[in-house]
Number of protein chains: 2
Amino acid sequence: MNIDSTRSWTKRRDEKAKRLSKVKHLADGRILPTDKMVEALEMLISPKDKVVLEGNNQKQASFLSAVLAQVDPEKVNQLHMIMSSISRPEHLNIFEKGIAEKMDFSYAGPQSLRVAQMLEDGVLKIGEIHTYLELYGRLFVDLIPNIALVAADKADQNGNLYTGANTEETPTIIEAAAFKDGIVIVQVNEITDELPRVDVPGDWVDFIVEADKPYQLEPLFTRDPRHITELQILMAMMAIRGVYERHNVQSLNHGIGFNTAAIELLLPTYGEKLGLKGKICKHWALNPHPTLIPAIESGWVESVHCFGGEVGMEKYVAARPDVFFTGRDGTLRSNRAMCQVAGQYAVDLFIGSTLQIDKFGNSSTVTSGRLSGFGGAPNMGHDPRGRRHSTQAWLDMMTGDDPVGRGRKLVVQMVETYQSGNRPVFVESLDAIDVRKEAELATTPVMIYGDDVTHVVTEEGVAYLYKAQSLEERRQALAAVAGVTPIGIHHDFRDTEKLRKKGIVALPEDLNIRRTDAKRSLLAAKSVEDLVEWSGGLYHPPAKFRSW
Amino acid sequence: MNIDSTRSWTKRRDEKAKRLSKVKHLADGRILPTDKMVEALEMLISPKDKVVLEGNNQKQASFLSAVLAQVDPEKVNQLHMIMSSISRPEHLNIFEKGIAEKMDFSYAGPQSLRVAQMLEDGVLKIGEIHTYLELYGRLFVDLIPNIALVAADKADQNGNLYTGANTEETPTIIEAAAFKDGIVIVQVNEITDELPRVDVPGDWVDFIVEADKPYQLEPLFTRDPRHITELQILMAMMAIRGVYERHNVQSLNHGIGFNTAAIELLLPTYGEKLGLKGKICKHWALNPHPTLIPAIESGWVESVHCFGGEVGMEKYVAARPDVFFTGRDGTLRSNRAMCQVAGQYAVDLFIGSTLQIDKFGNSSTVTSGRLSGFGGAPNMGHDPRGRRHSTQAWLDMMTGDDPVGRGRKLVVQMVETYQSGNRPVFVESLDAIDVRKEAELATTPVMIYGDDVTHVVTEEGVAYLYKAQSLEERRQALAAVAGVTPIGIHHDFRDTEKLRKKGIVALPEDLNIRRTDAKRSLLAAKSVEDLVEWSGGLYHPPAKFRSW
């Protein structure tokens, strides 16, 4: 045996105790004073620490990120930041100031241009770009945090946390730090004696601090029906008939966007006319989309589990506990990690949009000069090969008679052949291939891989890619629905006829859809005001969506 | 608009309130009396309820399952049971008694023969067979529980729970029920005023009951080094040299078994001799295997995140907080759901064993007459196509120069060519294909699919399946290491030579391993007693593993 008896096995615990003792004079029990936070962070965070700063696509620990940007880089530097989303300017300012050095992240939507620029300038080093769920996984493996900076609505004196509708990833981040002798610091909007409910036990929390103002929260999933076009309505009709009805889709996830909002708003009208109510789209993994209100009110929806909340939907959700997951206090309980698990493994279908699709169906939202990352879509937009249970939709994807064959998840891309600005969606080669070289990434940042895509819906028709017997047939099927883009323009119409006969491509007429029926009058709600009316006044849209 | 203003949106909440009021006379706050539990369950559970009964491969809510088996089937019947693991006789007795009717589950190891028999007799209806993670996902989508029956170590009067080392899936099950107006009932070993720590907030719990005896807990991950054979040592040497070292494996999951126990016990000897310490196998997702103690004590292991605990390892784990995840009270914090996420997405390699492998590498532990289910292995034993971050091992699996190519997870099968009882592991066709027909399953219960497997290690050599350019080449590579089984026996030795030249097959000599070096003397611990010694007396093996 080769045991080193002098080795300490409590280095992390000892280090934590040392740091906590340094701020003892500042803290009142678990409460740190708002105006001493710069000082406190300078004592609690050490150079090279792994720091998880909460911030996903909606909720931001905005007070703590602002404080972190003010610490003295002589004292706190070379931090390794771990963030679901790079959303706020100070998330990058800390790199320019020399406080942080390396970044592991999932999504950089609002800051994607600046990330690319800073990377080129050598101001920022990227660890890896993840989907949400794999980043959470690494928090328990090789990205174990020393520090967690997170946000909650309320805390009591013992550090018990109330997150309200926006539980999101807070418990997951806290768990990784709290149980590996990391330091957990939570900004709250209010410290109170009695909490409406407990979302995270105070036992897991080291410090709470009352923020100078409530944490930032983005209404990311609100789509104004006013902007839904008739082309989008046509595609939504094809998705409902050609995919949802055909494969008997019971459970699903919708991405963000007007395309899927159109589907949500057609269920109570077009879907109802087709007699589909109670037959499809019963169980959902998605945020509380306001555009889902009419379908809920019409009795389409049995359950919705949410990644996060949505600004303005709080009262509506609280009034519909049979549909949404809510707590003892009556408000929404979201959970980003578990909803990603559900969205990956437990639903029949994922449908989303994208910016570019190549001839084999690989797609990406990463375009030149923008390193936007992945978010959660690839986790849901692939065939989960660890799945073993079957549903009718999943079995419907089986082709051939392999005795050890299996079904597939439905992964649907829904795009118009051209983006705004006259840029084709269907392209010979993804911009992401160039971005890989520029940013020196190990692999091309593909959002959804072509061999995971089962269907592509465009204004031209539906391509049933899962039926394609070869890569060449897949390419042809894509070309058949790619319109006059570089991929579609040289397509031979006679090939489309063959593919239609084989059931690999369906045009609107094959689905009994008349293009002229795709009218805005089909939308169950034509404006945000209509959504408010559907909700019986329970939905309170943010000011920017109010036009009345 | 088509709003039904008479519709209730609080049916679940109202139903829950009604049931809670029925047992009010029995309960003292949140505490139900031990000797009134049959009566209590008869009032809290209604016919056709979805009931999650805790029980994974280790921890069982054994008091509550025994009580459930005693309720009057006139009052409680047609239950839809949802269980990670069918482990105890009463889990099936409730079906024979007519209390339960349908079962969704993951694993039925100890009861797999009886499950198959009852299915044939029509006593039990199977919903679906899952892996753990997809079953948890469905708890939030289309298997939302009405009732959760779970187990914890201690509770206080407010229902706050302490799970100690065995947190496992308890919080996940509770969350699904608690936030959808389900009823959460927890058996605890002890009700106390002060908890060592809080694992689940009392806010999520409806009732606690002191069990008549502590919940059942199985030492499932303990392997006595005494039973490790020299063939297993040879395979372990090949795995370390031919897989771990070659691909620079940093993070990994080991399945249960003597094969992987051998690897764990060779790291501090053979691995050390190769100069690999600090270079490979640093981060682990696995239960606290006693056979990992020597590697931990020799400084190989930086971190271990656990699915669950292991009987006897409590004090050792508590003394090694730099390695294990522990709470404020000093004991292990496990989390089955998050460890499955980590084991799926955040590690380089999964390695496991199996009972049958067909000629294309598909494998299963389901054999004739036994419906054993899946557990967690398929979730970790596949290439997670939602993964986007890269590691060196993952990139090493890339073949070809596709500009949108990507790496792969290492999925390794490690088997002797023959099982005990002279049954070949490599077979023409899996028994699972027949089981599918017998049990009328929608698909064949394959544990790991051949196209997910990157390496197969046998006593003959290593097959690098990820390098095979065709199905035929994959078949040949498997045949080359399949010994004298039906798959290996007709293999042409000249093909092996070609495959060795291409690097698709390696024999021990290709890895610089002499078969005669594979001796038990290489094991860092040769007995459970040795493990205790390595642990400095901190490991306390259960009585059945003590021979001194």
# chains A, B, ... in the order shown; residues from 1 in each chain; ligands from 1
>>> interface_residues(of="chain A", to="chain B", cutoff="7 Å", atoms="only C-alpha atoms", output="PyMOL selection string")
chain A and resi 2-3+9-12+128-131+134+137-138+140-142+179-180+197-198+201+203+283-284+297-298+303+305+320-322+325-327+333+338+341-342+345-346+378-379+382+384-390+403-406+433+442-444
>>> select_by_dssp(residues="range 172-315 of chain A", states="strand (DSSP E or B)", output="list of chain:residue names")
A:Ile183, A:Val184, A:Ile185, A:Val186, A:Gln187, A:Val188, A:Asn189, A:Glu190, A:Ile191, A:Val200, A:Phe207, A:Ile208, A:Val209, A:Glu210, A:Gln216, A:Leu217, A:Ser251, A:Leu252, A:Asn253, A:His254, A:His283, A:Trp284, A:Ala285, A:Ser303, A:Val304, A:His305
>>> closest_residue(among="A:Ile504, A:Val301, A:Leu113, A:Ile183", to="Lys467 in chain A", atoms="only C-alpha atoms")
A:Ile504
>>> residues_around(residues="Ala518 in chain A", least_positions_apart="6", cutoff="7 Å", atoms="only C-alpha atoms", output="PDB file with N, CA and C atoms, in the first residue's frame")
ATOM      1  N   GLU A 230     -49.020  34.996 -43.033  1.00  0.00           N
ATOM      2  CA  GLU A 230     -49.835  33.926 -43.618  1.00  0.00           C
ATOM      3  C   GLU A 230     -48.972  32.756 -44.093  1.00  0.00           C
ATOM      4  N   ILE A 233     -48.646  30.719 -41.107  1.00  0.00           N
ATOM      5  CA  ILE A 233     -49.903  29.989 -40.877  1.00  0.00           C
ATOM      6  C   ILE A 233     -49.994  28.769 -41.792  1.00  0.00           C
ATOM      7  N   LEU A 234     -49.574  28.940 -43.026  1.00  0.00           N
ATOM      8  CA  LEU A 234     -49.561  27.807 -43.959  1.00  0.00           C
ATOM      9  C   LEU A 234     -48.654  26.686 -43.430  1.00  0.00           C
TER      10      LEU A 234
END
>>> atom_distance(atom1="CA of Ala479 in chain A", atom2="CA of Gly503 in chain A")
15.1 Å
>>> closest_residue(among="B:Ala482, B:Met414, B:Leu119, B:Leu161", to="Ile208 in chain B", atoms="only C-alpha atoms")
B:Leu161
